[in-house]
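A.B. asks: Provided below: target-v6.cif, containing mmCIF, C-alpha atoms and all ligand atoms.
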```cif
data_start
#
loop_
_atom_site.label_atom_id
_atom_site.label_comp_id
_atom_site.auth_asym_id
_atom_site.auth_seq_id
_atom_site.Cartn_x
_atom_site.Cartn_y
_atom_site.Cartn_z
CA MET A 219 -168.41 -35.06 -68.84
CA THR A 220 -168.18 -32.51 -66.07
CA ILE A 221 -168.14 -33.16 -62.35
CA PHE A 222 -170.38 -30.47 -60.88
CA LEU A 223 -170.14 -28.51 -57.64
CA SER A 224 -173.55 -29.35 -56.25
CA SER A 225 -176.17 -31.11 -58.34
CA PRO A 226 -179.70 -32.08 -57.25
CA ASP A 227 -179.78 -35.35 -55.31
CA MET A 228 -182.98 -37.14 -56.34
CA SER A 229 -184.15 -40.64 -55.43
CA ALA A 230 -187.17 -42.86 -55.95
CA ALA A 231 -188.83 -41.06 -53.02
CA GLU A 232 -188.89 -37.69 -54.83
CA ARG A 233 -190.13 -39.37 -58.02
CA ALA A 234 -192.93 -41.06 -56.09
CA ALA A 235 -193.86 -37.77 -54.39
CA VAL A 236 -194.33 -36.03 -57.73
CA ILE A 237 -196.40 -38.90 -59.08
CA ASP A 238 -198.53 -38.99 -55.91
CA ALA A 239 -199.25 -35.28 -56.12
CA PHE A 240 -199.99 -35.65 -59.82
CA ASP A 241 -202.36 -38.58 -59.30
CA SER A 242 -204.10 -36.89 -56.38
CA GLY A 243 -205.23 -34.16 -58.75
CA TRP A 244 -203.57 -31.43 -56.63
CA ILE A 245 -201.66 -29.89 -59.51
CA ALA A 246 -202.90 -26.33 -59.25
CA PRO A 247 -200.62 -24.33 -57.13
CA LEU A 248 -201.61 -25.00 -53.53
CA GLY A 249 -202.63 -28.29 -51.93
CA PRO A 250 -202.00 -30.73 -49.10
CA ALA A 251 -198.30 -31.26 -49.92
CA VAL A 252 -197.63 -27.54 -49.42
CA ASP A 253 -199.24 -27.64 -45.97
CA ALA A 254 -197.38 -30.82 -45.03
CA PHE A 255 -194.05 -29.44 -46.26
CA GLU A 256 -194.52 -26.24 -44.25
CA GLN A 257 -195.41 -28.24 -41.15
CA ALA A 258 -192.47 -30.62 -41.53
CA MET A 259 -189.97 -27.76 -41.86
CA ALA A 260 -191.49 -25.76 -38.99
CA ASP A 261 -191.30 -28.88 -36.79
CA ARG A 262 -187.72 -29.64 -37.72
CA LEU A 263 -186.51 -26.11 -37.05
CA GLY A 264 -188.72 -25.36 -34.06
CA ARG A 265 -190.48 -22.43 -35.70
CA ARG A 266 -194.17 -21.64 -35.19
CA PHE A 267 -194.84 -20.62 -38.80
CA ALA A 268 -193.46 -21.59 -42.19
CA VAL A 269 -194.64 -20.28 -45.57
CA ALA A 270 -193.53 -22.16 -48.69
CA LEU A 271 -192.69 -19.82 -51.55
CA SER A 272 -191.49 -19.96 -55.14
CA SER A 273 -187.90 -19.02 -54.24
CA GLY A 274 -185.58 -17.85 -51.52
CA THR A 275 -185.49 -14.48 -53.22
CA ALA A 276 -189.29 -14.21 -52.96
CA ALA A 277 -189.02 -15.10 -49.26
CA LEU A 278 -186.50 -12.29 -48.68
CA HIS A 279 -188.63 -9.82 -50.63
CA LEU A 280 -191.86 -10.61 -48.78
CA GLY A 281 -190.09 -10.91 -45.43
CA LEU A 282 -188.98 -7.30 -45.79
CA LEU A 283 -192.35 -6.10 -47.11
CA ALA A 284 -194.14 -7.82 -44.22
CA TRP A 285 -192.23 -5.52 -41.86
CA GLY A 286 -193.18 -2.48 -43.93
CA ILE A 287 -189.66 -1.90 -45.24
CA GLY A 288 -189.47 0.42 -48.22
CA PRO A 289 -188.07 3.64 -49.69
CA GLY A 290 -186.03 5.67 -47.21
CA ASP A 291 -185.00 2.66 -45.16
CA VAL A 292 -181.43 1.37 -44.98
CA VAL A 293 -180.86 -2.39 -44.62
CA PRO A 294 -177.35 -3.52 -43.62
CA THR A 295 -176.41 -6.85 -45.18
CA SER A 296 -173.35 -9.01 -45.89
CA THR A 297 -171.29 -7.92 -48.88
CA MET A 298 -170.15 -11.52 -49.37
CA THR A 299 -173.36 -13.06 -50.67
CA PHE A 300 -175.28 -14.04 -53.77
CA ALA A 301 -176.96 -11.10 -55.52
CA ALA A 302 -180.43 -12.34 -54.48
CA THR A 303 -180.03 -10.86 -50.99
CA ALA A 304 -179.21 -7.38 -52.23
CA ASN A 305 -181.71 -7.60 -55.07
CA ALA A 306 -184.57 -8.36 -52.68
CA ILE A 307 -183.67 -5.38 -50.48
CA THR A 308 -183.61 -3.22 -53.60
CA TYR A 309 -187.04 -4.48 -54.81
CA THR A 310 -188.61 -2.91 -51.71
CA GLY A 311 -187.12 0.50 -52.48
CA ALA A 312 -184.82 0.33 -49.45
CA THR A 313 -181.04 0.78 -49.73
CA PRO A 314 -178.69 -2.14 -49.00
CA TYR A 315 -175.64 -1.22 -46.91
CA PHE A 316 -172.85 -3.73 -47.53
CA ILE A 317 -170.73 -4.90 -44.63
CA ASP A 318 -167.40 -6.65 -44.96
CA ALA A 319 -166.39 -9.99 -43.58
CA ASP A 320 -164.47 -11.82 -40.90
CA PRO A 321 -161.30 -13.24 -42.52
CA CYS A 322 -161.68 -16.74 -41.02
CA THR A 323 -165.35 -17.32 -41.74
CA GLY A 324 -166.22 -14.84 -44.48
CA GLN A 325 -169.30 -13.95 -42.44
CA MET A 326 -170.52 -10.42 -41.73
CA ASP A 327 -168.09 -8.88 -39.22
CA PRO A 328 -170.14 -7.86 -36.15
CA ASP A 329 -167.66 -5.09 -35.26
CA LEU A 330 -168.18 -3.47 -38.64
CA LEU A 331 -171.95 -3.88 -38.27
CA GLU A 332 -171.79 -2.10 -34.92
CA ASP A 333 -169.85 0.79 -36.53
CA VAL A 334 -172.39 1.08 -39.33
CA MET A 335 -175.38 1.01 -36.95
CA ALA A 336 -173.83 3.74 -34.78
CA GLU A 337 -173.06 5.89 -37.80
CA LEU A 338 -176.54 5.50 -39.30
CA GLN A 339 -178.09 6.37 -35.93
CA ARG A 340 -175.97 9.54 -35.71
CA GLU A 341 -177.18 10.46 -39.20
CA GLY A 342 -180.78 9.88 -38.12
CA ARG A 343 -181.36 7.22 -40.77
CA SER A 344 -184.17 4.65 -40.54
CA VAL A 345 -182.67 1.14 -40.13
CA PRO A 346 -185.60 -1.18 -39.42
CA ALA A 347 -183.87 -4.46 -40.32
CA ILE A 348 -180.54 -6.22 -40.81
CA VAL A 349 -180.16 -9.11 -43.26
CA PRO A 350 -177.12 -11.20 -42.26
CA VAL A 351 -176.23 -14.04 -44.65
CA ASP A 352 -175.10 -17.53 -43.61
CA LEU A 353 -172.19 -17.98 -46.01
CA LEU A 354 -171.67 -21.40 -47.63
CA GLY A 355 -173.67 -23.23 -44.98
CA ASN A 356 -171.97 -21.79 -41.93
CA CYS A 357 -173.97 -19.49 -39.63
CA VAL A 358 -173.12 -15.86 -38.92
CA ASP A 359 -172.45 -14.92 -35.31
CA TYR A 360 -176.13 -14.56 -34.41
CA THR A 361 -175.28 -14.05 -30.76
CA ARG A 362 -173.52 -10.77 -31.46
CA ILE A 363 -175.60 -9.68 -34.42
CA SER A 364 -178.84 -10.12 -32.45
CA GLN A 365 -177.39 -8.06 -29.57
CA ILE A 366 -176.43 -5.26 -31.95
CA ALA A 367 -179.83 -5.38 -33.68
CA ALA A 368 -181.62 -5.20 -30.32
CA LYS A 369 -179.46 -2.30 -29.17
CA TYR A 370 -180.44 -0.25 -32.24
CA GLY A 371 -184.05 -1.41 -32.44
CA ALA A 372 -183.67 -3.28 -35.75
CA ARG A 373 -185.13 -6.66 -36.60
CA VAL A 374 -183.08 -9.51 -38.06
CA LEU A 375 -184.14 -11.29 -41.25
CA ALA A 376 -181.67 -14.19 -41.50
CA ASP A 377 -180.72 -15.21 -45.04
CA SER A 378 -180.25 -18.92 -44.34
CA ALA A 379 -180.62 -19.87 -48.01
CA GLU A 380 -177.37 -21.86 -47.87
CA SER A 381 -177.40 -23.11 -44.28
CA LEU A 382 -180.30 -25.51 -43.71
CA GLY A 383 -178.88 -28.17 -41.36
CA ALA A 384 -176.26 -25.86 -39.84
CA SER A 385 -176.50 -24.34 -36.36
CA HIS A 386 -175.12 -21.59 -34.16
CA ALA A 387 -174.94 -21.94 -30.36
CA GLY A 388 -177.05 -25.10 -30.62
CA VAL A 389 -179.89 -23.33 -32.45
CA PRO A 390 -180.53 -24.44 -36.04
CA ALA A 391 -180.25 -22.13 -39.04
CA GLY A 392 -183.77 -21.01 -39.87
CA LYS A 393 -184.63 -20.44 -36.22
CA HIS A 394 -182.32 -17.44 -35.77
CA GLY A 395 -183.51 -13.89 -36.17
CA ASP A 396 -187.04 -12.48 -36.00
CA ALA A 397 -187.54 -14.34 -39.27
CA ALA A 398 -185.39 -16.43 -41.58
CA ILE A 399 -185.51 -17.62 -45.16
CA LEU A 400 -184.43 -20.84 -46.86
CA SER A 401 -183.80 -21.61 -50.53
CA PHE A 402 -184.57 -24.87 -52.31
CA ASN A 403 -182.85 -23.88 -55.52
CA GLY A 404 -181.25 -26.72 -57.49
CA ASN A 405 -177.74 -26.23 -56.08
CA LYS A 406 -178.63 -26.04 -52.37
CA VAL A 407 -178.42 -28.89 -49.80
CA MET A 408 -181.99 -29.86 -50.68
CA THR A 409 -184.06 -28.73 -53.61
CA THR A 410 -187.59 -28.55 -54.93
CA SER A 411 -186.07 -27.65 -58.33
CA GLY A 412 -186.93 -24.09 -57.34
CA GLY A 413 -188.47 -22.88 -54.12
CA GLY A 414 -187.99 -21.15 -50.81
CA MET A 415 -189.48 -20.74 -47.37
CA TYR A 416 -190.17 -17.97 -44.87
CA LEU A 417 -189.94 -18.93 -41.19
CA THR A 418 -190.94 -16.97 -38.11
CA ASP A 419 -192.62 -17.22 -34.71
CA ASP A 420 -194.57 -14.02 -35.44
CA GLU A 421 -198.10 -14.90 -36.50
CA GLU A 422 -198.83 -11.49 -37.97
CA ALA A 423 -195.70 -11.43 -40.14
CA ALA A 424 -196.36 -15.00 -41.36
CA GLY A 425 -199.91 -14.01 -42.26
CA ARG A 426 -198.67 -10.95 -44.15
CA VAL A 427 -196.20 -13.04 -46.17
CA ARG A 428 -198.89 -15.61 -47.01
CA HIS A 429 -201.28 -12.84 -48.07
CA LEU A 430 -198.76 -10.96 -50.21
CA ALA A 431 -197.64 -14.23 -51.86
CA THR A 432 -201.15 -14.95 -53.13
CA GLN A 433 -201.75 -11.65 -54.99
CA ALA A 434 -202.92 -10.03 -51.73
CA ARG A 435 -206.30 -11.53 -52.36
CA GLU A 436 -208.83 -10.76 -49.61
CA PRO A 437 -210.57 -13.78 -48.01
CA VAL A 438 -213.88 -13.31 -49.79
CA ALA A 439 -215.53 -15.27 -52.61
CA HIS A 440 -215.06 -12.65 -55.29
CA TYR A 441 -211.60 -11.28 -56.16
CA GLU A 442 -211.06 -8.38 -53.77
CA HIS A 443 -207.67 -6.63 -53.44
CA ARG A 444 -206.67 -3.73 -51.18
CA GLU A 445 -202.97 -3.71 -51.99
CA ILE A 446 -200.43 -4.90 -54.53
CA GLY A 447 -199.59 -8.58 -54.19
CA TYR A 448 -197.30 -11.16 -55.77
CA ASN A 449 -197.62 -14.64 -57.22
CA TYR A 450 -194.95 -16.25 -55.06
CA ARG A 451 -196.40 -19.50 -53.65
CA LEU A 452 -194.73 -22.89 -54.09
CA SER A 453 -196.57 -25.38 -56.28
CA ASN A 454 -198.04 -28.50 -54.68
CA LEU A 455 -196.09 -30.73 -57.07
CA LEU A 456 -192.80 -29.23 -55.92
CA ALA A 457 -193.75 -29.33 -52.24
CA GLY A 458 -194.00 -33.12 -52.58
CA VAL A 459 -190.38 -33.17 -53.73
CA GLY A 460 -189.53 -30.99 -50.74
CA ILE A 461 -191.07 -33.42 -48.25
CA ALA A 462 -189.11 -36.31 -49.70
CA GLN A 463 -185.89 -34.29 -49.74
CA LEU A 464 -186.37 -33.22 -46.13
CA SER A 465 -186.78 -36.85 -45.07
CA ARG A 466 -183.39 -37.59 -46.67
CA LEU A 467 -181.66 -34.39 -45.56
CA ASP A 468 -179.53 -35.80 -42.75
CA GLY A 469 -178.09 -38.53 -44.96
CA MET A 470 -177.35 -36.01 -47.71
CA LEU A 471 -175.57 -33.73 -45.23
CA GLU A 472 -173.43 -36.67 -44.05
CA ARG A 473 -172.20 -37.16 -47.58
CA ARG A 474 -171.27 -33.49 -47.89
CA ARG A 475 -169.43 -33.69 -44.59
CA ALA A 476 -167.49 -36.74 -45.80
CA ARG A 477 -166.45 -34.74 -48.88
CA ARG A 478 -165.16 -31.95 -46.68
CA GLU A 479 -163.17 -34.41 -44.58
CA ALA A 480 -161.62 -35.84 -47.74
CA TYR A 481 -160.56 -32.35 -48.89
CA ALA A 482 -159.22 -31.52 -45.45
CA GLY A 483 -157.07 -34.65 -45.62
CA LEU A 484 -155.80 -33.73 -49.10
CA VAL A 485 -154.68 -30.22 -48.14
CA ALA A 486 -153.43 -31.07 -44.65
CA ASP A 487 -149.77 -31.13 -45.74
CA VAL A 488 -149.98 -28.46 -48.40
CA PRO A 489 -148.53 -25.17 -47.16
CA GLY A 490 -150.70 -22.12 -47.83
CA VAL A 491 -153.87 -24.10 -48.57
CA GLU A 492 -156.63 -24.43 -46.01
CA VAL A 493 -160.21 -25.60 -45.95
CA PHE A 494 -162.25 -22.41 -45.59
CA GLN A 495 -164.39 -21.98 -42.42
CA ARG A 496 -162.95 -25.20 -40.99
CA GLN A 497 -163.10 -23.99 -37.40
CA GLY A 498 -166.89 -23.96 -37.62
CA ASP A 499 -167.18 -27.50 -38.91
CA VAL A 500 -169.23 -29.08 -36.16
CA ASP A 501 -172.08 -26.64 -36.75
CA ASP A 502 -171.67 -26.45 -40.50
CA ASN A 503 -173.90 -28.17 -43.07
CA CYS A 504 -170.86 -28.39 -45.41
CA TRP A 505 -172.95 -27.10 -48.32
CA LEU A 506 -169.91 -26.14 -50.38
CA THR A 507 -166.37 -26.86 -49.33
CA ALA A 508 -163.95 -24.15 -50.38
CA VAL A 509 -160.21 -23.90 -49.96
CA VAL A 510 -158.31 -20.64 -49.59
CA VAL A 511 -154.93 -20.45 -51.27
CA ASP A 512 -152.19 -18.12 -50.05
CA PRO A 513 -150.10 -17.82 -53.23
CA GLN A 514 -147.00 -16.67 -51.31
CA LEU A 515 -146.93 -19.82 -49.25
CA ALA A 516 -148.41 -22.25 -51.75
CA GLY A 517 -146.47 -21.17 -54.83
CA PHE A 518 -149.70 -21.27 -56.87
CA SER A 519 -152.95 -19.33 -56.83
CA ALA A 520 -156.62 -20.26 -56.56
CA ALA A 521 -156.88 -19.40 -60.27
CA ASP A 522 -154.04 -21.84 -61.09
CA LEU A 523 -155.90 -24.53 -59.21
CA ALA A 524 -159.12 -23.72 -61.08
CA THR A 525 -157.30 -24.04 -64.42
CA VAL A 526 -156.06 -27.51 -63.55
CA LEU A 527 -159.54 -28.59 -62.41
CA VAL A 528 -161.24 -27.29 -65.56
CA ALA A 529 -158.79 -29.28 -67.68
CA ALA A 530 -159.78 -32.40 -65.73
CA GLY A 531 -163.51 -31.73 -66.29
CA ILE A 532 -164.11 -30.61 -62.71
CA GLU A 533 -166.27 -27.59 -61.90
CA SER A 534 -164.99 -25.08 -59.35
CA ARG A 535 -165.89 -21.47 -58.66
CA PRO A 536 -164.48 -18.48 -56.85
CA LEU A 537 -166.29 -17.48 -53.65
CA TRP A 538 -169.10 -14.93 -54.11
CA LYS A 539 -167.86 -11.71 -55.64
CA PRO A 540 -168.60 -9.11 -52.95
CA MET A 541 -171.67 -6.98 -53.64
CA HIS A 542 -169.82 -3.70 -53.11
CA LEU A 543 -167.60 -4.64 -56.09
CA GLN A 544 -170.55 -5.42 -58.37
CA PRO A 545 -171.18 -2.79 -61.07
CA VAL A 546 -174.92 -2.83 -60.34
CA PHE A 547 -174.35 -1.83 -56.68
CA ALA A 548 -171.52 0.63 -57.33
CA GLY A 549 -173.56 3.45 -55.84
CA ALA A 550 -174.63 1.63 -52.69
CA PRO A 551 -173.09 2.46 -49.31
CA ALA A 552 -170.57 -0.04 -47.94
CA LEU A 553 -168.14 -0.53 -45.09
CA ALA A 554 -165.41 -2.52 -46.81
CA ASN A 555 -161.97 -3.33 -45.41
CA GLY A 556 -160.57 -5.60 -48.11
CA VAL A 557 -161.30 -8.92 -46.37
CA SER A 558 -164.10 -10.07 -48.68
CA GLU A 559 -162.09 -8.92 -51.69
CA MET A 560 -159.13 -11.00 -50.49
CA LEU A 561 -161.39 -14.04 -49.97
CA PHE A 562 -162.84 -13.57 -53.45
CA ARG A 563 -159.31 -13.63 -54.90
CA THR A 564 -158.00 -16.55 -52.86
CA GLY A 565 -161.01 -18.82 -52.33
CA ILE A 566 -162.25 -21.60 -54.59
CA THR A 567 -165.21 -23.91 -54.06
CA LEU A 568 -164.85 -27.60 -54.89
CA PRO A 569 -167.37 -30.30 -55.88
CA SER A 570 -169.38 -30.90 -52.71
CA GLY A 571 -172.72 -32.38 -53.77
CA SER A 572 -174.28 -35.32 -51.97
CA VAL A 573 -174.97 -36.94 -55.34
CA LEU A 574 -171.28 -37.27 -56.34
CA THR A 575 -170.38 -40.89 -57.04
CA GLU A 576 -167.38 -42.70 -55.60
CA ALA A 577 -165.81 -42.61 -59.04
CA GLU A 578 -166.32 -38.84 -59.37
CA CYS A 579 -164.88 -38.23 -55.91
CA ALA A 580 -161.87 -40.34 -56.85
CA VAL A 581 -161.30 -38.28 -60.03
CA VAL A 582 -161.43 -35.01 -58.07
CA ASP A 583 -159.18 -36.29 -55.30
CA ALA A 584 -156.66 -37.64 -57.78
CA ALA A 585 -156.54 -34.36 -59.73
CA LEU A 586 -156.01 -32.36 -56.55
CA GLY A 587 -153.55 -34.85 -55.10
CA GLU A 588 -151.42 -34.90 -58.26
CA PHE A 589 -151.40 -31.13 -58.54
CA PHE A 590 -150.40 -30.66 -54.92
CA SER A 591 -147.67 -33.28 -54.94
CA ALA A 592 -146.23 -32.01 -58.23
CA HIS A 593 -146.04 -28.59 -56.62
CA LEU A 594 -144.46 -29.81 -53.45
CA ARG A 595 -141.82 -31.74 -55.44
CA GLY A 596 -141.27 -28.74 -57.71
CA ALA A 597 -140.92 -26.43 -54.76
CA GLU A 598 -138.44 -28.74 -53.09
CA ALA A 599 -136.37 -28.90 -56.26
CA GLY A 600 -136.57 -25.13 -56.65
CA GLU A 601 -138.02 -25.63 -60.15
CA LEU A 602 -140.67 -23.01 -59.60
CA GLY A 603 -138.15 -20.35 -58.75
CA ILE A 604 -139.56 -20.03 -55.28
CA GLU A 605 -137.20 -19.46 -52.39
CA PRO A 606 -137.25 -22.66 -50.33
CA ALA A 607 -137.43 -20.46 -47.25
CA ALA A 608 -140.86 -19.25 -48.35
CA ILE A 609 -142.23 -22.76 -48.16
CA SER A 610 -142.82 -24.39 -44.82
CA LEU A 611 -142.99 -28.05 -45.67
CA VAL A 612 -144.57 -30.00 -42.87
C1 LIG B 701 -179.49 -19.21 -53.25
C2 LIG B 701 -179.46 -17.98 -52.43
C3 LIG B 701 -180.54 -17.08 -52.38
C4 LIG B 701 -181.70 -17.14 -53.33
O1 LIG B 701 -182.45 -18.25 -53.31
P1 LIG B 701 -183.33 -18.62 -54.62
O2 LIG B 701 -184.17 -19.73 -54.13
O3 LIG B 701 -182.36 -19.02 -55.69
O4 LIG B 701 -184.11 -17.41 -54.99
C5 LIG B 701 -180.49 -16.03 -51.49
N1 LIG B 701 -179.43 -15.83 -50.71
C6 LIG B 701 -178.37 -16.64 -50.74
C7 LIG B 701 -177.23 -16.35 -49.83
C8 LIG B 701 -178.33 -17.72 -51.63
O5 LIG B 701 -177.25 -18.50 -51.68
#
```
Please express what this file holds, its structure, as C-alpha cells.
C.D. replies:
Amino acid sequence: MTIFLSSPDMSAAERAAVIDAFDSGWIAPLGPAVDAFEQAMADRLGRRFAVALSSGTAALHLGLLAWGIGPGDVVPTSTMTFAATANAITYTGATPYFIDADPCTGQMDPDLLEDVMAELQREGRSVPAIVPVDLLGNCVDYTRISQIAAKYGARVLADSAESLGASHAGVPAGKHGDAAILSFNGNKVMTTSGGGMYLTDDEEAAGRVRHLATQAREPVAHYEHREIGYNYRLSNLLAGVGIAQLSRLDGMLERRRARREAYAGLVADVPGVEVFQRQGDVDDNCWLTAVVVDPQLAGFSAADLATVLVAAGIESRPLWKPMHLQPVFAGAPALANGVSEMLFRTGITLPSGSVLTEAECAVVDAALGEFFSAHLRGAEAGELGIEPAAISLV
C-alpha cells in the first residue's frame, strides 16, 4: 500500500454526475454539462469567457495560437514548471525562454524577467507573450509581471494549472493575465480525470480557442475548414464530474490547508527544514506542500528524507526539475542563476491530497516525526559526526 501525494477526491456527487450525463444521452463530446461547467467556472473566477478543453496543455497551446504566436516569436516562461508549459510553447513553433526563480517562492523572478525583456528588445526580437507559472498552487507576482509585460507590449498567458483556489492581491488565480489556463488532471486540486480550461475577458480570443478546439470547423452545415484545427474539447461526461468537483472545491482546499498546517507543526522545531512558500499561505491553495531541507543545518538531505518515506510506503517527489536542465530543452535560451537548481536539490513534496484518510495522515506524520526526532537526538549526542555548533536547536 502506498500513500500518494495527491489522488483524485471523488464522492457520490461525481458518480451521480457521470450517470446523469450518461442517462441524458449527452455522451458525444459536447453537451449541456460542458456549457454549465464553463459558466460555473467563469462565475467563480469573475471571467467573461471560459472554454473547457481536453487538458491544460491544450489550453496553453490554443491560448498561444489564438494570439497568433508562432515561429520567430520568443515566449519567456518559468524554468521551474512541469514540461507541459514549455511543450505547448514549442508546439506553436515559438521559442521558450526560461527564467529562474525567487528563492523563497520558487516563482519566476520579476527582476530576471525584466532583464530578459530588455535584452530581447535590444536584440529586436518579437516577444508577444509571457507565460508565468503559478508554482505548486501559489501565484506568481502578477502585479510586477503585468507591469513588465505592459511596458514591453507583451500579453500574459497565466499558467494557473496548479493554482485554482489561490489568489494574488485579492484576485483569484485564473483571473490574472490577459488569459489564464487551468488543469483538471488527476493530481490537481480538482479533476475531471483529464481536462483543462481557457479563461479570458477577450471575446475574440475565446472564440478563436473554441474554434481551433473543434477542428476549426466553419459554422455551416457541411464540413468547411479554412485552417488547421485540433480536437481539444472536453467531453460532456467529464464536464459533469467537473461541476460536482467545483461544488466541493472549497471543502477540498480546506483539507489540503489542514495538511500543510500539520506539516508546519512537525517541522517547526527542526533546524534547516522549512515548509516551502509558507509566507504566501493565506493566498495559497496548498495544492502540494513541500519542505526545503538545508543539509548543513539539518544534518540530512531531502534525498535522505525521501528514502525514509519510500521505506514507509509514502510517496514524495522532488520539486519540478527546472526546464533549462532538461535534455530536451538544452538548446533553449535561459536566464538561470542557480536558485531553481538549488530548490530542485533541496525541496521535497509530501502527501497533500484532500482524499487522504486520518489513518494515512497519521502514518505520514509518525514517519516524519520519528525521523526528525531521531535526528535531533543523534545530533545532540554527536552520533552523526556533526559539529553541535552547526545545529541551532530551538
Ligand atoms: C498539470 C500542469 C499542466 C498541464 O496540465 P494537463 O491538464 O496535465 O495537460 C501545465 N502546467 C503546469 C504548471 C501543470 O502543473
A.B. asks: Considering all atoms listed in the file, can you say which of A:Gly355, A:Pro321, A:Gly556, A:Gly413 comes closest to ligand LIG 701 (chain B)?
C.D. replies: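 Looking only at the distances to ligand LIG 701 (chain B), the closest residue turns out to be A:Gly413.
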A.B. asks: Report, in Å to a single decimal, how far apart CA of Thr418 (chain A) and CA of Gly395 (chain A) are.
C.D. replies: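 Rounded to one decimal, the two atoms are 8.3 Å apart.
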A.B. asks: Can I get the residues of chain A within 7 Å of ligand LIG 701 (chain B), each with the closest pair of atoms and their distance in Å to one decimal, using all atoms listed in the file, sorted chain first then ascending number, as CSV?
C.D. replies:
```
residue,atom,partner,partner_atom,distance
A:Ser273,CA,B:LIG701,O2,3.8
A:Gly274,CA,B:LIG701,O2,3.5
A:Thr275,CA,B:LIG701,O4,3.7
A:Ala276,CA,B:LIG701,O4,6.4
A:Thr299,CA,B:LIG701,C7,5.1
A:Phe300,CA,B:LIG701,C7,5.0
A:Ala302,CA,B:LIG701,C5,4.7
A:Thr303,CA,B:LIG701,N1,5.0
A:Val351,CA,B:LIG701,C7,5.8
A:Asp352,CA,B:LIG701,C7,6.7
A:Leu353,CA,B:LIG701,C7,6.5
A:Asp377,CA,B:LIG701,N1,5.8
A:Ser378,CA,B:LIG701,C7,6.8
A:Ala379,CA,B:LIG701,C6,4.8
A:Glu380,CA,B:LIG701,O5,5.1
A:Ser401,CA,B:LIG701,O2,4.1
A:Phe402,CA,B:LIG701,O2,5.5
A:Asn403,CA,B:LIG701,O2,4.6
A:Lys406,CA,B:LIG701,C1,6.9
A:Gly412,CA,B:LIG701,O2,6.1
A:Gly413,CA,B:LIG701,O2,5.3
A:Gly414,CA,B:LIG701,O2,5.3
```
A.B. asks: Taking all atoms listed in the file into account, which of A:Arg473, A:Ala301, A:Ala268, A:Phe222 comes nearest Gln544 (chain A)?
C.D. replies: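 Checking each candidate against Gln544 (chain A), we get A:Ala301 as the closest.
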A.B. asks: Figure out the distance between CA of Gln339 (chain A) and CA of Gly392 (chain A), please, to one decimal in Å.
C.D. replies: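 Taking CA of Gly392 (chain A) as the start and CA of Gln339 (chain A) as the end point, the length is 28.2 Å.
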A.B. asks: Could you check how far CA of Asn305 (chain A) sits from CA of Phe547 (chain A), in Å to one decimal?
C.D. replies: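 So the two atoms, CA of Asn305 (chain A) and CA of Phe547 (chain A), lie 9.5 Å apart.
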A.B. asks: Would you kindly place N, CA and C atoms on region 339-350 of chain A and return the model as a tab-separated table (two decimals), in the frame of the given file?
C.D. replies:
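Heads up, here's the output in out03.tsv:
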```tsv
chain	number	residue	atom	x	y	z
A	339	GLN	N	-177.28	5.75	-37.00
A	339	GLN	CA	-178.09	6.37	-35.93
A	339	GLN	C	-177.73	7.85	-35.78
A	340	ARG	N	-176.41	8.13	-35.80
A	340	ARG	CA	-175.97	9.54	-35.71
A	340	ARG	C	-176.55	10.37	-36.84
A	341	GLU	N	-176.65	9.74	-38.03
A	341	GLU	CA	-177.18	10.46	-39.20
A	341	GLU	C	-178.70	10.53	-39.18
A	342	GLY	N	-179.32	9.85	-38.21
A	342	GLY	CA	-180.78	9.88	-38.12
A	342	GLY	C	-181.48	9.05	-39.18
A	343	ARG	N	-180.76	8.06	-39.73
A	343	ARG	CA	-181.36	7.22	-40.77
A	343	ARG	C	-182.28	6.16	-40.16
A	344	SER	N	-183.25	5.71	-40.97
A	344	SER	CA	-184.17	4.65	-40.54
A	344	SER	C	-183.57	3.30	-40.91
A	345	VAL	N	-183.28	2.47	-39.90
A	345	VAL	CA	-182.67	1.14	-40.13
A	345	VAL	C	-183.54	0.09	-39.45
A	346	PRO	N	-184.66	-0.29	-40.09
A	346	PRO	CA	-185.60	-1.18	-39.42
A	346	PRO	C	-185.17	-2.65	-39.39
A	347	ALA	N	-184.23	-3.03	-40.26
A	347	ALA	CA	-183.87	-4.46	-40.32
A	347	ALA	C	-182.44	-4.65	-40.79
A	348	ILE	N	-181.86	-5.77	-40.36
A	348	ILE	CA	-180.54	-6.22	-40.81
A	348	ILE	C	-180.75	-7.58	-41.47
A	349	VAL	N	-180.07	-7.81	-42.59
A	349	VAL	CA	-180.16	-9.11	-43.26
A	349	VAL	C	-178.77	-9.76	-43.31
A	350	PRO	N	-178.39	-10.48	-42.24
A	350	PRO	CA	-177.12	-11.20	-42.26
A	350	PRO	C	-177.27	-12.48	-43.10
```
